[in-house]
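Structure file entry-v5.cif; described as mmCIF, C-alpha atoms.
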data_final
loop_
_atom_site.label_atom_id
_atom_site.label_comp_id
_atom_site.auth_asym_id
_atom_site.auth_seq_id
_atom_site.Cartn_x
_atom_site.Cartn_y
_atom_site.Cartn_z
CA MET A 669 122.57 80.07 202.94
CA THR A 670 122.71 76.66 201.25
CA SER A 671 119.57 75.09 199.85
CA SER A 672 118.95 71.81 198.04
CA ARG A 673 116.14 70.48 195.92
CA ASN A 674 115.33 67.04 194.48
CA VAL A 675 113.96 67.41 190.94
CA ARG A 676 112.60 64.96 188.33
CA VAL A 677 113.82 65.79 184.81
CA GLY A 678 110.99 66.55 182.38
CA SER A 679 112.73 66.84 179.00
CA SER A 680 111.67 63.78 177.01
CA HIS A 681 115.26 63.18 175.84
CA GLY A 682 116.93 64.15 179.11
CA LEU A 683 119.65 66.76 179.48
CA HIS A 684 121.27 66.48 176.08
CA ALA A 685 122.90 69.45 174.32
CA ARG A 686 120.05 71.97 174.03
CA PRO A 687 118.37 71.58 177.45
CA ALA A 688 121.79 71.18 179.11
CA LYS A 689 122.92 74.44 177.51
CA LEU A 690 119.79 76.28 178.70
CA PHE A 691 120.23 74.88 182.20
CA ALA A 692 123.98 75.56 182.46
CA GLN A 693 123.55 79.10 181.12
CA ALA A 694 120.82 79.84 183.69
CA ALA A 695 122.98 78.38 186.48
CA LYS A 696 125.90 80.56 185.39
CA GLU A 697 123.74 83.68 185.22
CA ALA A 698 122.40 82.99 188.74
CA GLY A 699 125.56 84.53 190.16
CA ILE A 700 125.88 82.02 193.02
CA PRO A 701 127.49 78.56 193.16
CA VAL A 702 125.10 75.84 191.96
CA THR A 703 125.78 72.11 191.71
CA ILE A 704 123.80 69.24 190.20
CA ALA A 705 124.09 65.54 191.01
CA LYS A 706 122.31 62.54 189.51
CA ASP A 707 120.65 60.49 192.26
CA ALA A 708 123.27 60.07 195.00
CA GLY A 709 126.20 60.58 192.61
CA LYS A 710 128.98 63.14 192.63
CA ALA A 711 127.86 66.77 192.39
CA VAL A 712 129.24 68.82 189.50
CA ASN A 713 129.26 72.52 188.65
CA ALA A 714 125.82 73.24 187.16
CA ALA A 715 127.22 76.19 185.18
CA SER A 716 129.46 73.85 183.14
CA ILE A 717 127.62 72.39 180.14
CA LEU A 718 130.23 69.64 179.75
CA SER A 719 129.89 68.63 183.40
CA VAL A 720 126.09 68.59 183.13
CA ILE A 721 126.14 66.47 179.95
CA SER A 722 128.71 64.11 181.51
CA LEU A 723 126.13 63.05 184.13
CA GLY A 724 124.06 61.30 181.42
CA ILE A 725 120.75 62.53 182.79
CA ASP A 726 117.70 60.99 181.09
CA PHE A 727 113.98 61.74 181.14
CA GLY A 728 112.50 60.91 184.53
CA ASP A 729 115.86 60.81 186.33
CA HIS A 730 116.04 62.49 189.71
CA VAL A 731 118.72 65.08 190.31
CA VAL A 732 119.74 67.05 193.37
CA LEU A 733 120.34 70.76 192.91
CA THR A 734 122.27 72.69 195.53
CA ALA A 735 122.71 76.46 195.58
CA ASP A 736 124.76 78.50 198.02
CA GLY A 737 123.99 82.19 198.47
CA ASP A 738 121.48 84.78 199.63
CA ASP A 739 119.15 84.09 196.69
CA ALA A 740 119.47 80.28 196.78
CA GLU A 741 115.73 79.49 197.04
CA HIS A 742 114.85 81.78 194.12
CA VAL A 743 117.64 80.32 191.99
CA LEU A 744 116.49 76.77 192.76
CA ASP A 745 112.90 77.72 191.86
CA MET A 746 114.07 79.01 188.47
CA LEU A 747 116.33 76.02 187.74
CA THR A 748 113.65 73.55 188.88
CA GLU A 749 111.22 75.07 186.38
CA LEU A 750 113.82 74.67 183.62
CA LEU A 751 114.46 71.03 184.51
CA THR A 752 110.81 70.02 184.78
CA THR A 753 109.88 71.59 181.42
CA ASP A 754 110.02 69.38 178.30
CA HIS A 755 112.38 71.33 176.03
CA ASP A 756 112.07 68.60 173.38
CA GLU A 757 108.34 68.85 172.72
CA ASP A 758 108.83 71.42 169.93
CA ALA A 759 112.16 70.09 168.64
#
As structure tokens:
Amino acid sequence: MTSSRNVRVGSSHGLHARPAKLFAQAAKEAGIPVTIAKDAGKAVNAASILSVISLGIDFGDHVVLTADGDDAEHVLDMLTELLTTDHDEDA
């Protein structure tokens, strides 16, 4: 089952190294294929920190997450929570 979700990024400095690492690690641990795309751009492997950083995602940008597997909705819920949280507020 494939599911998609449109998410607004909440980290005040976007998906730079630390939030991108947290996100990519969670996507990898999900155990199913997950992609992320900025706006209508090309989707990349969400489990690859370099691919995620290469998108240049800033605060307030909209991204599309897509997950493919039996647990896709749960995985998207978890990743959405990570993306909407400001991981820079205590940095």
Point to revise | Counting all atoms listed in the file, the option among A:Ser722, A:Ser716, A:Ala711, A:Ala698 closest to Asp739 of chain A | key: A:Ala698
Review point. For Leu718 of chain A, which of A:Ala692, A:Val677, A:Ile700, A:Met669 is the closest residue, counting all atoms listed in the file?
Key: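 That would be A:Ala692, the residue with the smallest distance to Leu718 of chain A.
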Exercise for review: Report the residues retrieved by the PyMOL selection byres ((chain A and resi 708) around 10) from the displayed file, expressed as a ChimeraX atom specification.
Suggested key: /A:705-707,709-711,730-732
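Evaluated against this file, the PyMOL selection byres ((chain A and resi 743) around 9) yields Ala694, Ala695, Ala698, Ile700, Val702, Ala735, Asp739, Ala740, Glu741, His742, Leu744, Asp745, Met746, Leu747 and Thr748 of chain A.
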**Study point:** Counting all atoms listed in the file, the option among A:Ala714, A:Leu723, A:Val675, A:Ala685 closest to His755 of chain A
**Key:**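 The closest residue to His755 of chain A is A:Ala685.
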Review point. In Å, how far is it from atom CA of Lys689 of chain A to atom CA of Gly728 of chain A?
Key: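 That distance, rounded to one decimal, is 18.5 Å.
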Practice item. Apply the PyMOL selection byres ((chain A and resi 734) around 7) to the displayed file and report the matching residues as number ranges by chain. Key: A: 670-673, 702-704, 732-733, 735-736
